[in-house]
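Novice: This is input_11.csv, which holds CSV, C-alpha atoms:
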```csv
chain,number,residue,atom,x,y,z
A,68,MET,CA,183.9,43.0,36.1
A,69,ALA,CA,182.6,40.3,38.4
A,70,ARG,CA,181.6,40.5,42.1
A,71,ILE,CA,183.4,37.7,44.0
A,72,PHE,CA,183.2,36.7,47.6
A,73,ILE,CA,186.2,34.7,48.9
A,74,THR,CA,186.1,33.0,52.3
A,75,GLY,CA,189.4,32.9,54.3
A,76,SER,CA,191.0,35.7,52.2
A,77,THR,CA,193.4,37.3,54.7
A,78,GLN,CA,196.3,35.1,53.9
A,79,GLY,CA,197.5,32.1,51.9
A,80,LEU,CA,195.7,31.0,48.8
A,81,GLY,CA,192.6,33.1,49.5
A,82,ARG,CA,194.6,36.3,49.7
A,83,ALA,CA,196.6,35.4,46.6
A,84,ALA,CA,193.4,34.8,44.7
A,85,ALA,CA,191.9,38.0,46.0
A,86,GLU,CA,195.0,40.0,44.9
A,87,ALA,CA,195.0,38.5,41.4
A,88,LEU,CA,191.3,39.2,41.0
A,89,ILE,CA,191.5,42.7,42.2
A,90,ASP,CA,194.4,43.3,39.9
A,91,GLY,CA,192.2,41.9,37.1
A,92,GLY,CA,189.6,44.6,37.8
A,93,HIS,CA,187.1,42.5,39.7
A,94,ALA,CA,185.2,43.6,42.8
A,95,VAL,CA,186.3,41.3,45.6
A,96,VAL,CA,184.6,40.9,49.0
A,97,LEU,CA,187.2,39.8,51.5
A,98,HIS,CA,186.5,37.6,54.5
A,99,ALA,CA,188.3,37.6,57.9
A,100,ARG,CA,187.7,35.3,60.8
A,101,ASN,CA,187.8,38.2,63.3
A,102,ARG,CA,188.6,41.9,63.6
A,103,GLU,CA,192.3,41.1,64.3
A,104,ARG,CA,192.6,39.1,61.1
A,105,ALA,CA,190.8,41.8,59.2
A,106,GLU,CA,193.8,44.1,60.0
A,107,ALA,CA,195.9,41.7,57.9
A,108,VAL,CA,194.1,42.9,54.8
A,109,ALA,CA,194.6,46.6,55.5
A,110,GLY,CA,196.7,46.9,52.4
A,111,LEU,CA,193.9,45.4,50.3
A,112,GLU,CA,191.0,47.0,52.0
A,113,GLY,CA,191.1,50.2,49.9
A,114,THR,CA,190.9,48.3,46.7
A,115,ALA,CA,188.5,45.5,47.8
A,116,ALA,CA,184.7,46.0,47.4
A,117,ALA,CA,184.2,45.2,51.1
A,118,VAL,CA,185.6,43.2,54.1
A,119,VAL,CA,183.2,41.0,56.1
A,120,VAL,CA,184.0,39.3,59.4
A,121,GLY,CA,182.8,36.1,60.9
A,122,ASP,CA,184.3,32.9,62.5
A,123,LEU,CA,183.1,29.9,60.4
A,124,ALA,CA,183.6,27.6,63.4
A,125,SER,CA,180.5,29.3,64.9
A,126,ARG,CA,177.0,28.8,63.5
A,127,GLU,CA,175.9,32.1,64.9
A,128,GLU,CA,178.8,34.0,63.3
A,129,THR,CA,178.4,32.1,60.0
A,130,LEU,CA,174.7,33.2,59.9
A,131,ALA,CA,175.8,36.8,60.7
A,132,LEU,CA,178.2,36.5,57.8
A,133,VAL,CA,175.4,35.5,55.5
A,134,GLU,CA,173.5,38.7,56.4
A,135,GLN,CA,176.6,40.8,55.8
A,136,VAL,CA,177.2,39.3,52.4
A,137,ASN,CA,173.6,39.3,51.3
A,138,ALA,CA,173.4,43.0,52.3
A,139,LEU,CA,176.1,43.8,49.8
A,140,GLY,CA,174.0,42.3,47.0
A,141,ARG,CA,174.2,39.2,44.8
A,142,MET,CA,177.7,37.9,44.0
A,143,ASP,CA,178.6,36.6,40.6
A,144,ALA,CA,181.0,34.0,42.1
A,145,ILE,CA,181.8,32.6,45.5
A,146,ILE,CA,185.0,30.9,46.3
A,147,HIS,CA,184.9,28.7,49.4
A,148,ASN,CA,188.6,28.8,50.3
A,149,ALA,CA,188.6,28.9,54.1
A,150,GLY,CA,189.7,25.7,55.8
A,151,VAL,CA,191.3,24.2,58.9
A,152,TYR,CA,194.1,21.6,58.6
A,153,THR,CA,195.1,19.1,61.2
A,154,GLU,CA,194.3,19.8,64.8
A,155,SER,CA,195.9,17.8,67.6
A,156,GLU,CA,192.6,17.5,69.5
A,157,ARG,CA,188.9,17.4,68.7
A,158,HIS,CA,188.3,21.1,69.3
A,159,SER,CA,184.6,21.6,69.6
A,160,THR,CA,182.6,24.5,68.2
A,161,PRO,CA,179.9,26.2,70.3
A,162,GLU,CA,177.4,23.8,68.8
A,163,GLY,CA,179.6,20.7,69.7
A,164,HIS,CA,180.9,19.9,66.2
A,165,PRO,CA,184.6,19.2,65.6
A,166,ARG,CA,186.1,22.5,64.3
A,167,VAL,CA,187.6,20.8,61.3
A,168,LEU,CA,184.2,19.6,60.2
A,169,ALA,CA,182.5,22.9,61.0
A,170,VAL,CA,184.9,25.1,59.0
A,171,ASN,CA,185.7,22.8,56.2
A,172,VAL,CA,182.2,21.5,55.5
A,173,LEU,CA,179.3,22.8,57.6
A,174,ALA,CA,180.1,26.5,57.1
A,175,PRO,CA,180.4,26.1,53.3
A,176,TYR,CA,177.1,24.2,53.2
A,177,LEU,CA,175.3,26.9,55.3
A,178,LEU,CA,176.8,29.7,53.1
A,179,THR,CA,175.7,27.8,50.0
A,180,ALA,CA,172.2,27.3,51.2
A,181,LEU,CA,171.6,30.8,52.5
A,182,LEU,CA,173.6,33.2,50.3
A,183,GLU,CA,172.0,34.5,47.2
A,184,ARG,CA,172.7,32.0,44.5
A,185,PRO,CA,175.7,33.1,42.3
A,186,ASP,CA,176.6,32.1,38.8
A,187,ARG,CA,179.7,30.2,39.8
A,188,LEU,CA,180.7,28.3,42.9
A,189,VAL,CA,184.3,27.1,43.6
A,190,TYR,CA,185.1,24.8,46.5
A,191,LEU,CA,188.7,24.2,47.6
A,192,THR,CA,189.3,20.6,48.3
A,193,SER,CA,192.5,18.5,48.6
A,194,GLY,CA,194.1,15.4,47.1
A,195,LEU,CA,193.9,14.0,50.7
A,196,HIS,CA,190.2,13.4,50.0
A,197,ARG,CA,191.3,10.1,48.5
A,198,GLY,CA,192.2,8.9,52.1
A,199,GLY,CA,188.9,10.1,53.5
A,200,ASP,CA,186.3,7.6,54.8
A,201,PRO,CA,183.2,7.8,52.5
A,202,SER,CA,181.1,5.7,54.9
A,203,LEU,CA,179.6,8.7,56.8
A,204,ARG,CA,180.1,6.7,60.0
A,205,ASP,CA,180.8,8.9,63.0
A,206,VAL,CA,181.3,12.1,61.0
A,207,GLU,CA,181.5,14.1,64.2
A,208,TRP,CA,184.2,11.9,65.8
A,209,THR,CA,182.2,11.2,69.0
A,210,ALA,CA,182.9,7.4,68.9
A,211,ARG,CA,186.3,7.2,67.2
A,212,ARG,CA,189.6,8.1,68.7
A,213,TRP,CA,190.6,11.4,67.3
A,214,ASN,CA,193.0,11.2,64.4
A,215,PRO,CA,194.0,14.7,63.1
A,216,MET,CA,195.0,13.7,59.6
A,217,GLN,CA,192.0,11.4,59.1
A,218,ALA,CA,189.6,14.0,60.3
A,219,TYR,CA,190.9,16.5,57.8
A,220,SER,CA,191.0,13.9,55.0
A,221,ASP,CA,187.3,12.9,55.8
A,222,SER,CA,186.2,16.5,55.5
A,223,LYS,CA,187.3,16.8,51.9
A,224,PRO,CA,185.2,14.1,50.3
A,225,TYR,CA,182.2,15.6,52.0
A,226,LEU,CA,183.0,19.0,50.6
A,227,THR,CA,183.7,17.7,47.1
A,228,ALA,CA,180.5,15.6,47.1
A,229,LEU,CA,178.6,18.8,48.0
A,230,ALA,CA,180.1,20.5,45.0
A,231,PHE,CA,179.2,17.6,42.7
A,232,ALA,CA,175.7,17.3,44.1
A,233,LEU,CA,175.1,21.1,43.5
A,234,ALA,CA,176.3,20.7,39.9
A,235,ARG,CA,173.4,18.2,39.5
A,236,ARG,CA,170.8,20.1,41.4
A,237,TRP,CA,171.6,23.6,40.2
A,238,PRO,CA,172.3,23.2,36.4
A,239,GLU,CA,172.2,27.0,36.0
A,240,VAL,CA,175.3,27.4,38.3
A,241,ARG,CA,178.8,26.4,37.3
A,242,VAL,CA,180.1,24.5,40.3
A,243,ASN,CA,183.6,23.0,40.6
A,244,ALA,CA,186.1,21.6,43.1
A,245,VAL,CA,189.7,22.6,43.1
A,246,ASP,CA,192.7,20.8,44.5
A,247,PRO,CA,195.4,23.5,44.9
A,248,GLY,CA,198.1,21.1,45.8
A,249,TRP,CA,200.4,21.1,48.9
A,250,VAL,CA,201.6,24.7,48.8
A,251,PRO,CA,203.7,26.8,51.1
A,252,THR,CA,201.1,28.7,53.0
A,253,ARG,CA,200.5,29.0,56.8
A,254,MET,CA,198.4,25.8,56.5
A,255,GLY,CA,200.7,23.9,54.2
A,256,GLY,CA,203.9,25.0,55.9
A,257,PRO,CA,207.1,26.7,54.6
A,258,ASN,CA,208.5,23.4,53.2
A,259,ALA,CA,205.5,22.5,51.1
A,260,PRO,CA,206.7,21.6,47.5
A,261,GLY,CA,203.7,22.9,45.6
A,262,ASP,CA,203.5,26.1,43.4
A,263,LEU,CA,201.6,28.8,45.3
A,264,GLU,CA,201.0,30.7,42.0
A,265,ALA,CA,199.5,27.7,40.3
A,266,GLY,CA,197.7,26.9,43.6
A,267,HIS,CA,195.5,30.0,43.6
A,268,GLU,CA,195.3,30.6,39.8
A,269,THR,CA,192.7,27.8,39.1
A,270,GLN,CA,190.1,29.1,41.6
A,271,ALA,CA,190.4,32.7,40.2
A,272,TRP,CA,190.2,31.3,36.7
A,273,LEU,CA,187.1,29.2,37.4
A,274,ALA,CA,185.4,32.2,39.1
A,275,THR,CA,185.7,34.6,36.3
A,276,SER,CA,187.1,33.3,33.0
A,277,GLY,CA,185.0,33.0,29.8
A,278,ASP,CA,187.3,30.3,28.5
A,279,PRO,CA,185.2,27.3,27.4
A,280,GLU,CA,187.2,25.1,29.7
A,281,ALA,CA,186.4,27.3,32.7
A,282,THR,CA,182.6,27.3,32.0
A,283,VAL,CA,182.0,23.6,32.8
A,284,SER,CA,180.3,22.3,35.9
A,285,GLY,CA,180.8,19.3,38.2
A,286,ALA,CA,184.6,18.9,37.6
A,287,TYR,CA,187.6,18.3,39.8
A,288,TRP,CA,190.6,20.5,39.0
A,289,PHE,CA,194.3,20.6,39.7
A,290,HIS,CA,196.4,23.4,38.2
A,291,ARG,CA,193.8,24.2,35.5
A,292,ALA,CA,193.6,20.5,34.4
A,293,ARG,CA,190.7,18.2,35.0
A,294,ARG,CA,191.5,15.2,37.2
A,295,GLU,CA,189.5,12.2,38.3
A,296,PRO,CA,188.6,12.3,42.0
A,297,ALA,CA,188.0,9.3,44.2
A,298,ALA,CA,185.5,6.9,42.7
A,299,ALA,CA,183.0,7.3,45.5
A,300,LEU,CA,182.5,11.0,44.7
A,301,GLY,CA,180.9,10.2,41.4
A,302,ASP,CA,178.2,8.1,43.1
A,303,GLU,CA,175.0,10.1,43.2
A,304,ARG,CA,173.8,8.1,46.2
A,305,PHE,CA,176.9,9.1,48.1
A,306,GLN,CA,176.4,12.7,47.1
A,307,ASP,CA,172.8,12.7,48.3
A,308,ALA,CA,173.7,10.9,51.5
A,309,VAL,CA,176.2,13.7,52.2
A,310,LEU,CA,173.6,16.4,51.5
A,311,ALA,CA,171.2,14.6,53.9
A,312,GLU,CA,173.8,14.4,56.6
A,313,LEU,CA,174.7,18.1,56.3
A,314,ALA,CA,171.1,19.1,56.4
A,315,ARG,CA,170.7,17.0,59.6
A,316,LEU,CA,173.8,18.5,61.2
A,317,THR,CA,172.9,22.1,60.4
A,318,GLY,CA,169.1,22.0,60.5
A,319,VAL,CA,169.1,23.7,57.1
A,320,GLU,CA,167.9,22.2,53.8
A,321,LEU,CA,169.3,23.3,50.5
A,322,PRO,CA,166.8,25.3,48.5
```
If you took the structure in this file and wrote it as structure tokens, what would it be?

Specialist:
Amino acid sequence: MARIFITGSTQGLGRAAAEALIDGGHAVVLHARNRERAEAVAGLEGTAAAVVVGDLASREETLALVEQVNALGRMDAIIHNAGVYTESERHSTPEGHPRVLAVNVLAPYLLTALLERPDRLVYLTSGLHRGGDPSLRDVEWTARRWNPMQAYSDSKPYLTALAFALARRWPEVRVNAVDPGWVPTRMGGPNAPGDLEAGHETQAWLATSGDPEATVSGAYWFHRARREPAAALGDERFQDAVLAELARLTGVELP
């Protein structure tokens, strides 16, 4: 039995992964953005190890979430599933960051830096990372005119580069990035053509499986098959530049 923390696990892919892992006998810590969202997992609460609450768009609440999870003890695996898709405007967090950047990148970075280090880390990315701008120019969208799809696409190479950088820096941890595909969740919409089952299966598999294929690190996955990400993500200089920018934006250095 593994102890697994999954961000954004009240619905969609996160909830599906949580249900599969609980059914598999694992101890899953669920995460809800707020108390109202926590009510959505009432059916799972009795079988989950715990439910923690915190809005990842807020630095203060993310830090409080760190305290909640660390108080439960070290996790064997952490799945960074929570994410924000396209937003029509540049909605700012209390710290002034675009919410898309804060939830999709800054919060996973803070959680990674401050939670007790697990054996496995899984980051949910997207095939749209290929359309992201790897230049790191204006990552906070203060100079550019807001573009919802571009802002989302930009966030995914940053997150994937974080995963690959961690695989280099923390060789004792198995770190991987997963593209779940365009699946019919609240984020993806009801007409998304992807397979929801296949979409959540890979993250659960990477978090717990003893299969040799699942015990690698620094890979990009789609439906339990390794794929090649955008070329820029394999550049260690880009990975290190992303880490430096995330440290600057959050004020927290990776240990």

Novice: Find the residues near Pro215 (chain A): any atom within 12 Å, counting only C-alpha atoms, skip ones fewer than 2 places away on the same chain, and give them as an MDAnalysis selection string.

Specialist: chainID A and resid 151:158 165:168 199 208 211:213 217:222

Novice: Tell me, as a list in words, which residues lie within 7 Å of Tyr287 (chain A), counting all atoms listed in the file; anything in the same chain fewer than 3 positions away does not count.

Specialist: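 Near Tyr287 (chain A), the qualifying residues are Asn243, Ala244, Val245, Arg293, Arg294, Glu295 and Pro296 of chain A.
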
Novice: Which is closest to Ala230 (chain A) among A:Thr269, A:Asn214, A:Gln135, A:Thr179, if we use all atoms listed in the file?

Specialist: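 Nearest to Ala230 (chain A): A:Thr179.
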
Novice: List every residue of region 162-278 of chain A that has an atom at most 10 Å from any atom of region 100-123 of chain A, and for each one report the closest atom pair and its distance in Å to one decimal, counting all atoms listed in the file, with rows sorted by chain and then by increasing residue number, as CSV.

Specialist:
```
residue,atom,partner,partner_atom,distance
A:Arg166,CA,A:Leu123,CA,8.9
A:Ala169,CA,A:Leu123,CA,7.1
A:Val170,CA,A:Leu123,CA,5.3
A:Asn171,CA,A:Leu123,CA,8.6
A:Val172,CA,A:Leu123,CA,9.8
A:Leu173,CA,A:Leu123,CA,8.5
A:Ala174,CA,A:Leu123,CA,5.6
A:Pro175,CA,A:Leu123,CA,8.5
A:Leu177,CA,A:Leu123,CA,9.8
A:Leu178,CA,A:Leu123,CA,9.6
```

Novice: What does the distance between CA of Arg126 (chain A) and CA of Arg82 (chain A) come to in Å, to one decimal place?

Specialist: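 Computing it gives 23.6 Å between the two atoms.
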
Novice: Would you list the residues near (176.9, 29.8, 47.4), meaning any protein, DNA or RNA residue with an atom at most 9 Å from that point in file coordinates, counting all atoms listed in the file, as a PDB file with C-alpha atoms, in the frame of the given file?

Specialist:
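Everything below was put into point-v5.pdb:
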```
ATOM      1  CA  MET A 142     177.700  37.900  44.000  1.00  0.00           C
ATOM      2  CA  ALA A 144     181.000  34.000  42.100  1.00  0.00           C
ATOM      3  CA  ILE A 145     181.800  32.600  45.500  1.00  0.00           C
ATOM      4  CA  ILE A 146     185.000  30.900  46.300  1.00  0.00           C
ATOM      5  CA  HIS A 147     184.900  28.700  49.400  1.00  0.00           C
ATOM      6  CA  PRO A 175     180.400  26.100  53.300  1.00  0.00           C
ATOM      7  CA  TYR A 176     177.100  24.200  53.200  1.00  0.00           C
ATOM      8  CA  LEU A 177     175.300  26.900  55.300  1.00  0.00           C
ATOM      9  CA  LEU A 178     176.800  29.700  53.100  1.00  0.00           C
ATOM     10  CA  THR A 179     175.700  27.800  50.000  1.00  0.00           C
ATOM     11  CA  ALA A 180     172.200  27.300  51.200  1.00  0.00           C
ATOM     12  CA  LEU A 181     171.600  30.800  52.500  1.00  0.00           C
ATOM     13  CA  LEU A 182     173.600  33.200  50.300  1.00  0.00           C
ATOM     14  CA  GLU A 183     172.000  34.500  47.200  1.00  0.00           C
ATOM     15  CA  ARG A 184     172.700  32.000  44.500  1.00  0.00           C
ATOM     16  CA  PRO A 185     175.700  33.100  42.300  1.00  0.00           C
ATOM     17  CA  ASP A 186     176.600  32.100  38.800  1.00  0.00           C
ATOM     18  CA  ARG A 187     179.700  30.200  39.800  1.00  0.00           C
ATOM     19  CA  LEU A 188     180.700  28.300  42.900  1.00  0.00           C
ATOM     20  CA  VAL A 189     184.300  27.100  43.600  1.00  0.00           C
TER      21      VAL A 189
END
```

Novice: So which residues fall inside 9 Å of (196.2, 32.4, 45.5) if we count all atoms listed in the file? Mind giving them as a ChimeraX atom specification?

Specialist: /A:78-87,247,263-271

Novice: Take the residues that were just selected and, keeping C-alpha atoms, output them as a short mmCIF file (atom, residue, chain, number, x, y, z; two decimals), keeping the file's coordinate frame.

Specialist:
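Written output follows (result_21.cif):
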```cif
data_model
loop_
_atom_site.label_atom_id
_atom_site.label_comp_id
_atom_site.auth_asym_id
_atom_site.auth_seq_id
_atom_site.Cartn_x
_atom_site.Cartn_y
_atom_site.Cartn_z
CA GLN A 78 196.30 35.10 53.90
CA GLY A 79 197.50 32.10 51.90
CA LEU A 80 195.70 31.00 48.80
CA GLY A 81 192.60 33.10 49.50
CA ARG A 82 194.60 36.30 49.70
CA ALA A 83 196.60 35.40 46.60
CA ALA A 84 193.40 34.80 44.70
CA ALA A 85 191.90 38.00 46.00
CA GLU A 86 195.00 40.00 44.90
CA ALA A 87 195.00 38.50 41.40
CA PRO A 247 195.40 23.50 44.90
CA LEU A 263 201.60 28.80 45.30
CA GLU A 264 201.00 30.70 42.00
CA ALA A 265 199.50 27.70 40.30
CA GLY A 266 197.70 26.90 43.60
CA HIS A 267 195.50 30.00 43.60
CA GLU A 268 195.30 30.60 39.80
CA THR A 269 192.70 27.80 39.10
CA GLN A 270 190.10 29.10 41.60
CA ALA A 271 190.40 32.70 40.20
#
```

Novice: Taking all atoms listed in the file into account, which of A:Ala210, A:Met68, A:Ala281, A:Ala308 comes nearest Ala232 (chain A)?

Specialist: A:Ala308

Novice: Report the distance between CA of Ser284 (chain A) and CA of Leu139 (chain A) in Å, rounded to one decimal place.

Specialist: 25.9 Å

Novice: Distance CA of Pro161 (chain A)-CA of Gly198 (chain A), one decimal place?

Specialist: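 Atom-to-atom, CA of Pro161 (chain A) to CA of Gly198 (chain A), that is 28.0 Å.
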
Novice: From the options A:Arg70, A:Ser276, A:Glu127, A:Leu203, which residue's atoms come nearest to Gly140 (chain A), counting all atoms listed in the file?

Specialist: A:Arg70

Novice: Ranking A:Leu132, A:Asn148, A:Glu207, A:Thr192 by minimum distance to Thr160 (chain A) and counting only C-alpha atoms, which one comes first?

Specialist: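 Going through A:Leu132, A:Asn148, A:Glu207, A:Thr192 one by one, the smallest distance to Thr160 (chain A) is for A:Glu207.
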